[in-house]
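File shown here: input_33.cif, holding mmCIF, C-alpha atoms.
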```cif
data_protein
#
loop_
_atom_site.label_atom_id
_atom_site.label_comp_id
_atom_site.auth_asym_id
_atom_site.auth_seq_id
_atom_site.Cartn_x
_atom_site.Cartn_y
_atom_site.Cartn_z
CA MET A 1 0.00 0.00 0.00
CA PHE A 2 2.85 2.42 0.80
CA ASN A 3 4.32 2.38 -2.73
CA GLU A 4 0.90 2.77 -4.29
CA PHE A 5 0.21 5.77 -2.08
CA ILE A 6 3.53 7.42 -3.00
CA LYS A 7 2.78 6.89 -6.67
CA PHE A 8 -0.71 8.35 -6.28
CA VAL A 9 0.55 11.51 -4.52
CA ARG A 10 3.14 12.04 -7.27
CA GLN A 11 0.40 11.73 -9.86
CA LEU A 12 -1.68 14.33 -8.05
CA TYR A 13 1.16 16.84 -7.82
CA GLN A 14 2.68 15.83 -11.17
CA THR A 15 6.27 15.81 -9.97
CA GLU A 16 9.10 13.46 -9.13
CA LYS A 17 10.67 16.09 -6.87
CA PHE A 18 10.24 16.40 -3.10
CA ILE A 19 6.61 16.96 -2.10
CA PRO A 20 6.23 18.98 1.12
CA LEU A 21 3.44 18.58 3.63
CA HIS A 22 2.01 22.05 3.09
CA ALA A 23 3.79 24.70 1.02
CA PRO A 24 2.60 28.30 0.60
CA ARG A 25 1.38 29.40 -2.81
CA PHE A 26 2.17 32.87 -4.15
CA VAL A 27 0.41 33.42 -7.48
CA GLY A 28 -1.58 36.60 -6.79
CA ASN A 29 -0.69 40.16 -5.82
CA GLU A 30 1.91 39.24 -3.22
CA LYS A 31 4.91 40.88 -4.95
CA LYS A 32 2.85 43.91 -6.00
CA TYR A 33 1.59 44.65 -2.49
CA LEU A 34 4.99 44.00 -0.91
CA LEU A 35 6.71 46.41 -3.30
CA GLU A 36 4.05 49.04 -2.63
CA THR A 37 4.65 48.63 1.09
CA ILE A 38 8.41 48.95 0.68
CA ASP A 39 7.93 52.08 -1.41
CA SER A 40 5.73 53.53 1.34
CA THR A 41 8.63 53.05 3.84
CA PHE A 42 6.07 51.85 6.42
CA VAL A 43 7.37 48.33 6.81
CA SER A 44 7.05 47.82 10.57
CA SER A 45 3.99 47.79 12.84
CA ALA A 46 2.68 51.15 11.63
CA GLY A 47 1.06 51.13 8.21
CA GLN A 48 -2.18 50.98 6.28
CA SER A 49 -1.85 47.32 5.31
CA VAL A 50 -2.14 46.20 8.94
CA GLU A 51 -5.44 48.00 9.40
CA ASP A 52 -6.71 46.83 6.00
CA PHE A 53 -5.81 43.22 6.77
CA GLU A 54 -7.59 43.37 10.12
CA GLN A 55 -10.70 44.81 8.50
CA LYS A 56 -10.75 42.24 5.72
CA ILE A 57 -10.23 39.30 8.09
CA ALA A 58 -13.10 40.63 10.20
CA SER A 59 -15.26 40.94 7.10
CA THR A 60 -14.32 37.48 5.82
CA THR A 61 -15.13 35.76 9.12
CA SER A 62 -18.06 38.06 10.07
CA ALA A 63 -16.30 38.94 13.32
CA ASP A 64 -16.93 42.44 14.68
CA TYR A 65 -13.26 42.99 15.51
CA ALA A 66 -9.91 41.58 14.41
CA ILE A 67 -6.59 42.46 16.05
CA SER A 68 -3.36 41.42 14.36
CA THR A 69 -0.34 39.91 16.11
CA VAL A 70 3.13 38.71 15.18
CA ASN A 71 2.10 35.05 15.35
CA GLY A 72 -0.69 32.75 16.51
CA THR A 73 0.99 32.05 19.84
CA ALA A 74 1.04 35.76 20.65
CA ALA A 75 -2.63 35.98 19.68
CA LEU A 76 -3.50 33.17 22.08
CA HIS A 77 -1.32 34.64 24.84
CA VAL A 78 -3.11 37.98 24.67
CA ALA A 79 -6.53 36.32 24.31
CA LEU A 80 -5.91 34.46 27.57
CA ILE A 81 -4.86 37.65 29.34
CA VAL A 82 -7.83 39.73 28.20
CA ILE A 83 -10.30 36.97 29.12
CA GLY A 84 -8.94 37.08 32.66
CA VAL A 85 -6.49 34.18 33.01
CA SER A 86 -4.15 34.86 35.91
CA HIS A 87 -1.16 33.29 37.63
CA GLY A 88 -2.09 30.03 39.35
CA ASP A 89 -5.32 29.53 37.37
CA GLU A 90 -6.22 26.50 35.27
CA VAL A 91 -7.15 26.48 31.59
CA ILE A 92 -8.87 23.42 30.18
CA THR A 93 -7.62 22.34 26.78
CA GLN A 94 -6.83 19.16 24.84
CA ALA A 95 -3.65 17.11 25.03
CA LEU A 96 -3.76 16.51 21.26
CA THR A 97 -2.57 19.91 20.13
CA PHE A 98 0.48 21.84 19.01
CA VAL A 99 2.68 22.76 21.97
CA ALA A 100 2.08 26.50 21.45
CA THR A 101 -1.40 26.12 22.94
CA CYS A 102 0.02 24.97 26.27
CA ASN A 103 2.97 27.34 26.08
CA ALA A 104 0.67 30.36 25.83
CA ILE A 105 -1.21 29.14 28.91
CA HIS A 106 2.12 28.76 30.74
CA TYR A 107 3.17 32.31 29.74
CA CYS A 108 0.25 33.52 31.88
CA GLY A 109 1.51 31.53 34.86
CA ALA A 110 -1.51 29.26 34.50
CA ASN A 111 -1.76 25.47 34.38
CA PRO A 112 -3.09 23.47 31.42
CA VAL A 113 -5.69 20.82 32.24
CA PHE A 114 -6.28 18.14 29.62
CA VAL A 115 -9.51 16.48 28.57
CA ASP A 116 -9.93 13.88 25.84
CA VAL A 117 -10.72 14.39 22.14
CA ASP A 118 -13.36 12.77 19.95
CA LYS A 119 -12.29 10.39 17.21
CA SER A 120 -14.73 12.07 14.83
CA THR A 121 -13.16 15.54 15.04
CA PHE A 122 -9.79 15.07 16.82
CA GLY A 123 -10.97 18.10 18.79
CA MET A 124 -12.09 18.40 22.40
CA SER A 125 -14.80 15.93 23.34
CA PRO A 126 -17.88 17.63 24.84
CA ASP A 127 -18.60 14.43 26.79
CA ALA A 128 -15.08 14.31 28.21
CA LEU A 129 -15.30 18.00 29.14
CA SER A 130 -18.67 17.51 30.82
CA ASN A 131 -17.48 14.46 32.73
CA TYR A 132 -14.36 16.24 33.92
CA LEU A 133 -16.27 19.27 35.15
CA GLU A 134 -18.95 17.16 36.84
CA GLU A 135 -16.25 15.29 38.76
CA HIS A 136 -13.85 18.10 39.57
CA ALA A 137 -15.54 21.51 39.25
CA GLU A 138 -17.71 23.56 41.57
CA ILE A 139 -19.05 27.09 41.32
CA ARG A 140 -18.09 29.65 43.94
CA ASN A 141 -19.54 33.15 43.58
CA GLY A 142 -20.02 32.80 39.84
CA THR A 143 -16.58 31.33 39.17
CA ALA A 144 -15.51 27.75 38.46
CA TRP A 145 -13.02 26.12 40.82
CA ASN A 146 -11.32 22.76 40.64
CA LYS A 147 -12.20 20.89 43.84
CA THR A 148 -9.32 18.47 43.30
CA THR A 149 -6.50 20.97 42.74
CA GLY A 150 -7.94 24.00 44.51
CA ARG A 151 -7.34 26.24 41.50
CA ARG A 152 -9.68 28.57 39.63
CA ILE A 153 -10.71 27.41 36.14
CA SER A 154 -10.56 30.62 34.13
CA ALA A 155 -10.89 29.50 30.48
CA CYS A 156 -11.39 26.62 28.08
CA VAL A 157 -9.39 26.37 24.83
CA PRO A 158 -10.65 23.79 22.32
CA MET A 159 -8.89 23.49 18.96
CA HIS A 160 -10.26 22.94 15.46
CA THR A 161 -7.73 20.22 14.67
CA PHE A 162 -6.30 20.02 11.13
CA GLY A 163 -8.98 22.54 10.08
CA HIS A 164 -11.96 20.35 11.05
CA PRO A 165 -14.50 22.16 13.26
CA VAL A 166 -14.86 20.80 16.76
CA GLU A 167 -18.32 20.52 18.36
CA ILE A 168 -17.92 24.06 19.55
CA ASN A 169 -21.58 24.80 20.33
CA LYS A 170 -21.79 21.90 22.78
CA ILE A 171 -18.50 22.93 24.39
CA ILE A 172 -19.71 26.50 24.87
CA GLU A 173 -23.03 25.28 26.31
CA ILE A 174 -21.19 23.13 28.86
CA CYS A 175 -18.74 25.90 29.77
CA ASN A 176 -21.57 28.42 30.20
CA GLN A 177 -23.00 26.22 32.94
CA TYR A 178 -19.74 26.72 34.87
CA TYR A 179 -19.14 30.37 33.89
CA ILE A 180 -16.01 29.39 31.95
CA PRO A 181 -15.24 31.57 28.88
CA VAL A 182 -14.24 29.78 25.69
CA ILE A 183 -11.28 30.79 23.52
CA GLU A 184 -11.24 29.03 20.16
CA ASP A 185 -7.86 27.90 18.90
CA ALA A 186 -8.74 28.32 15.22
CA ALA A 187 -5.10 28.57 14.15
CA GLU A 188 -5.56 25.83 11.56
CA SER A 189 -9.12 26.44 10.43
CA LEU A 190 -9.40 29.78 8.62
CA GLY A 191 -12.13 29.31 6.02
CA SER A 192 -13.80 26.40 7.82
CA THR A 193 -17.42 26.71 8.88
CA LEU A 194 -19.88 24.90 11.11
CA ASN A 195 -23.51 25.42 10.10
CA THR A 196 -22.22 28.23 7.82
CA LYS A 197 -20.61 30.14 10.75
CA TYR A 198 -16.84 30.60 10.61
CA THR A 199 -14.63 28.95 13.17
CA GLY A 200 -13.03 31.41 15.53
CA THR A 201 -16.29 33.37 15.94
CA PHE A 202 -18.24 31.09 18.29
CA GLY A 203 -16.44 31.70 21.58
CA ALA A 204 -15.72 34.89 23.48
CA ILE A 205 -12.47 35.11 21.51
CA GLY A 206 -10.92 33.18 18.63
CA VAL A 207 -7.34 33.11 17.40
CA LEU A 208 -5.92 32.50 13.93
CA SER A 209 -2.41 31.74 12.66
CA PHE A 210 -0.80 32.81 9.40
CA ASN A 211 2.40 30.81 9.76
CA GLY A 212 4.10 29.72 6.55
CA ASN A 213 2.39 26.33 6.64
CA LYS A 214 -1.18 27.62 7.07
CA ILE A 215 -3.85 27.87 4.36
CA ILE A 216 -2.87 31.52 3.84
CA THR A 217 0.30 33.01 5.22
CA THR A 218 1.78 36.34 6.20
CA GLY A 219 5.16 34.67 6.76
CA GLY A 220 4.57 34.95 10.48
CA GLY A 221 1.42 36.34 11.99
CA GLY A 222 -1.75 35.79 13.94
CA MET A 223 -5.13 37.37 14.60
CA ILE A 224 -7.51 37.76 17.51
CA LEU A 225 -11.23 37.66 16.65
CA THR A 226 -14.03 38.86 18.92
CA ASP A 227 -17.44 40.51 18.89
CA SER A 228 -16.72 42.29 22.17
CA LYS A 229 -15.71 45.93 21.85
CA SER A 230 -14.10 45.96 25.29
CA LEU A 231 -12.07 42.79 24.70
CA ALA A 232 -10.96 44.09 21.30
CA HIS A 233 -9.90 47.43 22.80
CA THR A 234 -7.89 45.73 25.54
CA ALA A 235 -6.26 43.31 23.08
CA LYS A 236 -5.28 46.16 20.75
CA HIS A 237 -3.88 48.15 23.68
CA LEU A 238 -1.81 45.25 25.02
CA THR A 239 -0.43 44.24 21.63
CA THR A 240 0.82 47.80 21.00
CA THR A 241 2.94 47.97 24.20
CA ALA A 242 0.04 49.54 26.14
CA ARG A 243 1.00 52.93 24.79
CA LEU A 244 -1.40 55.81 25.44
CA ALA A 245 -2.44 57.72 22.34
CA HIS A 246 -0.44 60.90 21.83
CA ASN A 247 1.18 62.60 18.86
CA TRP A 248 4.67 62.50 20.33
CA ASN A 249 4.83 61.39 23.98
CA TYR A 250 5.71 57.82 24.88
CA GLU A 251 3.56 56.95 27.88
CA HIS A 252 2.32 53.50 28.87
CA ASP A 253 -0.22 52.61 31.55
CA GLU A 254 0.50 48.89 32.08
CA VAL A 255 2.82 46.10 31.00
CA GLY A 256 2.18 45.58 27.30
CA TYR A 257 3.59 43.47 24.50
CA ASN A 258 5.31 44.35 21.24
CA TYR A 259 3.04 41.93 19.41
CA ARG A 260 1.57 43.95 16.54
CA MET A 261 1.93 42.49 13.04
CA PRO A 262 4.40 44.36 10.77
CA ASN A 263 3.02 46.12 7.71
CA LEU A 264 5.11 43.93 5.36
CA ASN A 265 3.48 40.78 6.72
CA ALA A 266 0.03 42.32 6.47
CA ALA A 267 0.63 43.26 2.82
CA LEU A 268 1.45 39.63 2.06
CA GLY A 269 -1.67 38.59 3.97
CA LEU A 270 -3.90 40.89 1.94
CA ALA A 271 -2.77 39.23 -1.28
CA GLN A 272 -3.17 35.77 0.20
CA LEU A 273 -6.64 36.55 1.57
CA GLU A 274 -7.83 37.43 -1.94
CA GLN A 275 -7.18 33.78 -2.84
CA LEU A 276 -8.59 32.10 0.27
CA SER A 277 -11.85 30.95 -1.30
CA GLY A 278 -10.03 29.35 -4.23
CA PHE A 279 -7.53 27.70 -1.90
CA VAL A 280 -10.34 26.17 0.15
CA ASP A 281 -12.12 24.92 -2.97
CA ASN A 282 -8.92 23.37 -4.30
CA LYS A 283 -8.08 21.67 -1.02
CA ARG A 284 -11.58 20.25 -0.77
CA ILE A 285 -11.19 18.73 -4.23
CA LEU A 286 -7.81 17.32 -3.17
CA ALA A 287 -9.52 15.75 -0.15
CA GLU A 288 -12.05 14.10 -2.47
CA HIS A 289 -9.23 12.52 -4.48
CA TYR A 290 -7.64 11.21 -1.29
CA ARG A 291 -11.00 9.94 -0.06
CA ASP A 292 -11.60 8.03 -3.29
CA TRP A 293 -8.12 6.49 -3.26
CA CYS A 294 -8.47 5.48 0.37
CA SER A 295 -11.88 3.95 -0.25
CA ALA A 296 -10.45 1.85 -3.08
CA ASN A 297 -7.46 0.78 -0.97
CA ASN A 298 -9.22 0.08 2.33
CA VAL A 299 -7.52 2.97 4.17
CA HIS A 300 -9.37 5.22 6.64
CA PHE A 301 -9.37 8.83 5.39
CA VAL A 302 -10.41 11.55 7.85
CA MET A 303 -13.52 13.37 6.64
CA GLU A 304 -15.04 16.63 7.82
CA PRO A 305 -17.55 16.36 10.70
CA TYR A 306 -21.31 16.59 10.27
CA ALA A 307 -22.65 20.07 9.40
CA ALA A 308 -19.09 21.31 8.84
CA ARG A 309 -17.37 22.65 5.75
CA SER A 310 -13.68 22.11 6.45
CA ASN A 311 -10.74 23.83 4.81
CA TYR A 312 -8.93 20.46 4.97
CA TRP A 313 -5.79 22.27 6.05
CA LEU A 314 -3.97 19.00 6.63
CA ASN A 315 -5.42 15.79 5.24
CA ALA A 316 -5.04 12.77 7.49
CA LEU A 317 -5.13 8.99 7.41
CA ILE A 318 -5.84 6.64 10.31
CA LEU A 319 -3.64 3.56 10.16
CA ASN A 320 -4.03 0.32 12.08
CA ASP A 321 -1.47 0.84 14.83
CA ALA A 322 1.77 2.60 15.76
CA ASN A 323 3.90 0.05 13.89
CA GLU A 324 2.05 0.60 10.61
CA ARG A 325 2.16 4.34 11.21
CA ASP A 326 5.93 4.32 11.64
CA SER A 327 6.44 2.08 8.60
CA PHE A 328 4.29 4.43 6.52
CA LEU A 329 6.21 7.49 7.76
CA ASN A 330 9.52 5.86 6.96
CA ALA A 331 8.49 4.74 3.47
CA THR A 332 6.97 8.04 2.40
CA ASN A 333 9.62 10.36 3.82
CA SER A 334 12.41 8.16 2.49
CA ASN A 335 10.92 8.56 -0.98
CA GLY A 336 10.51 12.32 -0.97
CA VAL A 337 6.84 12.49 0.03
CA MET A 338 6.57 14.35 3.29
CA THR A 339 4.24 12.95 5.92
CA ARG A 340 4.19 13.37 9.67
CA PRO A 341 2.47 11.93 12.73
CA ALA A 342 0.10 13.88 14.94
CA TRP A 343 1.77 15.79 17.76
CA LYS A 344 3.02 13.91 20.75
CA PRO A 345 0.27 14.41 23.35
CA MET A 346 1.02 17.24 25.73
CA HIS A 347 0.71 15.09 28.86
CA GLN A 348 3.60 12.99 27.53
CA LEU A 349 5.96 15.98 27.28
CA GLU A 350 8.33 16.53 30.18
CA MET A 351 7.16 20.05 31.03
CA TYR A 352 3.46 19.15 31.05
CA LYS A 353 3.53 15.58 32.33
CA ASP A 354 2.32 16.59 35.80
CA CYS A 355 -0.69 18.59 34.59
CA HIS A 356 -4.07 17.47 35.84
CA HIS A 357 -6.16 15.58 33.28
CA GLY A 358 -9.08 13.26 32.78
CA PRO A 359 -8.96 9.96 30.86
CA LEU A 360 -7.12 10.42 27.55
CA HIS A 361 -7.81 7.12 25.78
CA ASN A 362 -8.87 8.68 22.45
CA THR A 363 -5.96 11.11 22.54
CA GLU A 364 -3.45 8.28 22.82
CA TRP A 365 -5.32 6.15 20.27
CA VAL A 366 -5.27 8.97 17.70
CA SER A 367 -1.65 9.90 18.33
CA GLU A 368 -0.56 6.30 17.67
CA ARG A 369 -2.42 5.97 14.36
CA VAL A 370 -2.87 9.30 12.57
CA VAL A 371 -0.57 10.61 9.86
CA ASN A 372 -0.84 13.85 7.91
CA ILE A 373 -0.24 13.66 4.17
CA PRO A 374 0.67 16.28 1.52
CA SER A 375 -2.02 18.96 1.53
CA SER A 376 -0.67 21.93 -0.42
CA VAL A 377 -2.91 23.61 -2.96
CA CYS A 378 -2.49 21.41 -6.03
CA GLU A 379 -2.26 22.81 -9.55
CA ASN A 380 -4.36 21.45 -12.42
CA LEU A 381 -6.61 19.55 -10.05
CA SER A 382 -10.10 18.69 -11.26
CA LYS A 383 -13.01 16.79 -9.79
#
```
What would the structure in this file look like if it were written as structure tokens?
Amino acid sequence: MFNEFIKFVRQLYQTEKFIPLHAPRFVGNEKKYLLETIDSTFVSSAGQSVEDFEQKIASTTSADYAISTVNGTAALHVALIVIGVSHGDEVITQALTFVATCNAIHYCGANPVFVDVDKSTFGMSPDALSNYLEEHAEIRNGTAWNKTTGRRISACVPMHTFGHPVEINKIIEICNQYYIPVIEDAAESLGSTLNTKYTGTFGAIGVLSFNGNKIITTGGGGMILTDSKSLAHTAKHLTTTARLAHNWNYEHDEVGYNYRMPNLNAALGLAQLEQLSGFVDNKRILAEHYRDWCSANNVHFVMEPYAARSNYWLNALILNDANERDSFLNATNSNGVMTRPAWKPMHQLEMYKDCHHGPLHNTEWVSERVVNIPSSVCENLSK
């Protein structure tokens, strides 16, 4: 099966050269907008492209406000701060995630708490979340506390894994019962929808990433989405070093962060955003080709969840066990077709191994079997 898969991927991408997992695609106005920005001399965090990019991301996702940052980790860090996460608190998230999710929680001096994922979405399981809270949480004066650890639970961060929407409405409903605000880690899911609503706009705050491997890229960059004017104002203030508005004085009223996206990156993002719809369409067609091949070869291909329209950021296969996974990874990467496993679960990393968690059976099952396969926008692809 491995050789047949390698051959099939090469046929899709029509090349015998190295095939990356997810490469950016620059075929629009990227060079034009970058040169215009260079000519303007506004290449750092002051410039019209930053404001334009924020406005167009907000318009695209139907969010009321969008605040740019230097990367997705910075966006999540600030989102946690403005939602009220403090030193010593707990933030519930999933162990099957990129390490930046937990790192941002740690930057706040808070402690990640892990609940299991669903096999259908690879995102946080509403049932696992509910079970954890029923066993460990209590409400004191309108705030959730962990009876077991004695810490305040100040936020919940589910992730839309590989671009597939998690059951975010159920998660929010459960968290509302415990007065826990939800921050969506939508770093991988720009362009994905659930019941026609864009991911990143369900919770109190959502965060996006525009890293070089995302569906559109600014080179490095992130975005905070919210419908709350007050949260947006605070996020904008913090990401611009908490400087008070003045024509010439430099005065700051709290500890802020130099997190604003540079104008050069935003110019690249504007050109990329113009192509987002076409990128999503292309990647959905690519997913159909993978689905058909997998169906013919008795391989489990990961499909979008019910009522979702996924951007299929990273396509994924579920193999039979860890041994088959490792054999597949070795065969494909040795032959110039890049594949990778899911992340090592956070509770298995040294710095997070002592974090409190519920049962993580699905997390470990998925991590032992899932592989991501080449998912770049593919030229000359037809249904």
- atom CA of Gly203 of chain A sits from atom CA of Ile172 of chain A at a separation of 7.0 Å
- Nearby residues, (2.1, 19.7, -2.6) file frame, 9 Å, only C-alpha atoms, as a ChimeraX atom specification: /A:9,12-13,18-23,374-379
Could you save the residues just selected, with C-alpha atoms, as a PDB file, in the coordinates of the input?
```pdb
ATOM      1  CA  VAL A   9       0.550  11.510  -4.520  1.00  0.00           C
ATOM      2  CA  LEU A  12      -1.680  14.330  -8.050  1.00  0.00           C
ATOM      3  CA  TYR A  13       1.160  16.840  -7.820  1.00  0.00           C
ATOM      4  CA  PHE A  18      10.240  16.400  -3.100  1.00  0.00           C
ATOM      5  CA  ILE A  19       6.610  16.960  -2.100  1.00  0.00           C
ATOM      6  CA  PRO A  20       6.230  18.980   1.120  1.00  0.00           C
ATOM      7  CA  LEU A  21       3.440  18.580   3.630  1.00  0.00           C
ATOM      8  CA  HIS A  22       2.010  22.050   3.090  1.00  0.00           C
ATOM      9  CA  ALA A  23       3.790  24.700   1.020  1.00  0.00           C
ATOM     10  CA  PRO A 374       0.670  16.280   1.520  1.00  0.00           C
ATOM     11  CA  SER A 375      -2.020  18.960   1.530  1.00  0.00           C
ATOM     12  CA  SER A 376      -0.670  21.930  -0.420  1.00  0.00           C
ATOM     13  CA  VAL A 377      -2.910  23.610  -2.960  1.00  0.00           C
ATOM     14  CA  CYS A 378      -2.490  21.410  -6.030  1.00  0.00           C
ATOM     15  CA  GLU A 379      -2.260  22.810  -9.550  1.00  0.00           C
TER      16      GLU A 379
END
```
Give as a PDB file with C-alpha atoms, in the coordinates of the input the set of residues within 9 Å of the point (5.0, 46.4, 11.3), where distances use the file's coordinates and only C-alpha atoms.
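Contents of the output file point.pdb:
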```
ATOM      1  CA  PHE A  42       6.070  51.850   6.420  1.00  0.00           C
ATOM      2  CA  VAL A  43       7.370  48.330   6.810  1.00  0.00           C
ATOM      3  CA  SER A  44       7.050  47.820  10.570  1.00  0.00           C
ATOM      4  CA  SER A  45       3.990  47.790  12.840  1.00  0.00           C
ATOM      5  CA  ALA A  46       2.680  51.150  11.630  1.00  0.00           C
ATOM      6  CA  GLY A  47       1.060  51.130   8.210  1.00  0.00           C
ATOM      7  CA  VAL A  50      -2.140  46.200   8.940  1.00  0.00           C
ATOM      8  CA  VAL A  70       3.130  38.710  15.180  1.00  0.00           C
ATOM      9  CA  ARG A 260       1.570  43.950  16.540  1.00  0.00           C
ATOM     10  CA  MET A 261       1.930  42.490  13.040  1.00  0.00           C
ATOM     11  CA  PRO A 262       4.400  44.360  10.770  1.00  0.00           C
ATOM     12  CA  ASN A 263       3.020  46.120   7.710  1.00  0.00           C
ATOM     13  CA  LEU A 264       5.110  43.930   5.360  1.00  0.00           C
ATOM     14  CA  ASN A 265       3.480  40.780   6.720  1.00  0.00           C
ATOM     15  CA  ALA A 266       0.030  42.320   6.470  1.00  0.00           C
TER      16      ALA A 266
END
```
- Using only C-alpha atoms, the residue out of A:Gln272, A:Glu288, A:Trp343, A:Gly256 with shortest distance to Lys236 of chain A is A:Gly256
- Item | Contact residues around segment 354-371 of chain A with only C-alpha atoms at 9 Å, ignoring same-chain residues under 2 positions, as a ChimeraX atom specification | /A:92,94-96,111-119,122,128-129,131-132,149,315-326,328-329,339-345,347,350-352,373
Residues of the last selection are to be written out with C-alpha atoms, as a PDB file, in the frame of the given file.
```
ATOM      1  CA  ILE A  92      -8.870  23.420  30.180  1.00  0.00           C
ATOM      2  CA  GLN A  94      -6.830  19.160  24.840  1.00  0.00           C
ATOM      3  CA  ALA A  95      -3.650  17.110  25.030  1.00  0.00           C
ATOM      4  CA  LEU A  96      -3.760  16.510  21.260  1.00  0.00           C
ATOM      5  CA  ASN A 111      -1.760  25.470  34.380  1.00  0.00           C
ATOM      6  CA  PRO A 112      -3.090  23.470  31.420  1.00  0.00           C
ATOM      7  CA  VAL A 113      -5.690  20.820  32.240  1.00  0.00           C
ATOM      8  CA  PHE A 114      -6.280  18.140  29.620  1.00  0.00           C
ATOM      9  CA  VAL A 115      -9.510  16.480  28.570  1.00  0.00           C
ATOM     10  CA  ASP A 116      -9.930  13.880  25.840  1.00  0.00           C
ATOM     11  CA  VAL A 117     -10.720  14.390  22.140  1.00  0.00           C
ATOM     12  CA  ASP A 118     -13.360  12.770  19.950  1.00  0.00           C
ATOM     13  CA  LYS A 119     -12.290  10.390  17.210  1.00  0.00           C
ATOM     14  CA  PHE A 122      -9.790  15.070  16.820  1.00  0.00           C
ATOM     15  CA  ALA A 128     -15.080  14.310  28.210  1.00  0.00           C
ATOM     16  CA  LEU A 129     -15.300  18.000  29.140  1.00  0.00           C
ATOM     17  CA  ASN A 131     -17.480  14.460  32.730  1.00  0.00           C
ATOM     18  CA  TYR A 132     -14.360  16.240  33.920  1.00  0.00           C
ATOM     19  CA  THR A 149      -6.500  20.970  42.740  1.00  0.00           C
ATOM     20  CA  ASN A 315      -5.420  15.790   5.240  1.00  0.00           C
ATOM     21  CA  ALA A 316      -5.040  12.770   7.490  1.00  0.00           C
ATOM     22  CA  LEU A 317      -5.130   8.990   7.410  1.00  0.00           C
ATOM     23  CA  ILE A 318      -5.840   6.640  10.310  1.00  0.00           C
ATOM     24  CA  LEU A 319      -3.640   3.560  10.160  1.00  0.00           C
ATOM     25  CA  ASN A 320      -4.030   0.320  12.080  1.00  0.00           C
ATOM     26  CA  ASP A 321      -1.470   0.840  14.830  1.00  0.00           C
ATOM     27  CA  ALA A 322       1.770   2.600  15.760  1.00  0.00           C
ATOM     28  CA  ASN A 323       3.900   0.050  13.890  1.00  0.00           C
ATOM     29  CA  GLU A 324       2.050   0.600  10.610  1.00  0.00           C
ATOM     30  CA  ARG A 325       2.160   4.340  11.210  1.00  0.00           C
ATOM     31  CA  ASP A 326       5.930   4.320  11.640  1.00  0.00           C
ATOM     32  CA  PHE A 328       4.290   4.430   6.520  1.00  0.00           C
ATOM     33  CA  LEU A 329       6.210   7.490   7.760  1.00  0.00           C
ATOM     34  CA  THR A 339       4.240  12.950   5.920  1.00  0.00           C
ATOM     35  CA  ARG A 340       4.190  13.370   9.670  1.00  0.00           C
ATOM     36  CA  PRO A 341       2.470  11.930  12.730  1.00  0.00           C
ATOM     37  CA  ALA A 342       0.100  13.880  14.940  1.00  0.00           C
ATOM     38  CA  TRP A 343       1.770  15.790  17.760  1.00  0.00           C
ATOM     39  CA  LYS A 344       3.020  13.910  20.750  1.00  0.00           C
ATOM     40  CA  PRO A 345       0.270  14.410  23.350  1.00  0.00           C
ATOM     41  CA  HIS A 347       0.710  15.090  28.860  1.00  0.00           C
ATOM     42  CA  GLU A 350       8.330  16.530  30.180  1.00  0.00           C
ATOM     43  CA  MET A 351       7.160  20.050  31.030  1.00  0.00           C
ATOM     44  CA  TYR A 352       3.460  19.150  31.050  1.00  0.00           C
ATOM     45  CA  ILE A 373      -0.240  13.660   4.170  1.00  0.00           C
TER      46      ILE A 373
END
```
List, as a tab-separated table (two decimals) with C-alpha atoms, keeping the file's coordinate frame, every residue that the PyMOL selection byres ((chain A and resi 5) around 10) selects in the file provided.
```tsv
chain	number	residue	atom	x	y	z
A	1	MET	CA	0.00	0.00	0.00
A	2	PHE	CA	2.85	2.42	0.80
A	3	ASN	CA	4.32	2.38	-2.73
A	4	GLU	CA	0.90	2.77	-4.29
A	6	ILE	CA	3.53	7.42	-3.00
A	7	LYS	CA	2.78	6.89	-6.67
A	8	PHE	CA	-0.71	8.35	-6.28
A	9	VAL	CA	0.55	11.51	-4.52
A	10	ARG	CA	3.14	12.04	-7.27
A	11	GLN	CA	0.40	11.73	-9.86
A	290	TYR	CA	-7.64	11.21	-1.29
A	293	TRP	CA	-8.12	6.49	-3.26
A	294	CYS	CA	-8.47	5.48	0.37
A	297	ASN	CA	-7.46	0.78	-0.97
A	328	PHE	CA	4.29	4.43	6.52
A	332	THR	CA	6.97	8.04	2.40
A	337	VAL	CA	6.84	12.49	0.03
```
- Task: Spell out the residues picked by the PyMOL selection byres ((chain A and resi 222) around 9) here, as a list in words.
- Result: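 Applying the PyMOL selection byres ((chain A and resi 222) around 9) to the structure shown produces Ile67, Ser68, Thr69, Val70, Asn71, Gly72, Thr73, Ala74, Ala75, Leu76, Ala187, Val207, Leu208, Ser209, Phe210, Asn211, Thr218, Gly220, Gly221, Met223, Ile224 and Met261 of chain A.
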- Message: Could you check the closest approach to His289 of chain A for each of A:Thr239, A:Asn103, A:Ser382, A:Ser310 and tell me which residue wins, using all atoms listed in the file?
- Response: A:Ser382
- Task: For atom CA of Ala63 of chain A and atom CA of Gly206 of chain A, quote the distance in Å rounded to one decimal.
- Result: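 Separating atom CA of Ala63 of chain A from atom CA of Gly206 of chain A is a distance of 9.5 Å.
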- Task: Rank nothing, just name the residue among A:Ile105, A:Ala186, A:Leu381, A:Ala79 nearest to Asn282 of chain A, using all atoms listed in the file.
- Result: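 Answer, going by the shortest atom-to-atom distance: A:Leu381.
Closest approach to Asp52 of chain A among A:Asn335, A:Leu273, A:Ile174, A:Pro158: A:Leu273, based on only C-alpha atoms.
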- Note on the structure: In Å and to one decimal, atom CA of Glu304 of chain A is distant from atom CA of Thr121 of chain A by 7.5 Å
- For Ile171 of chain A: contacts at 9 Å, only C-alpha atoms, fewer than 6 positions along chain excluded, given as an NGL selection string: :A and (124-127 or 129-130 or 156 or 158 or 182)
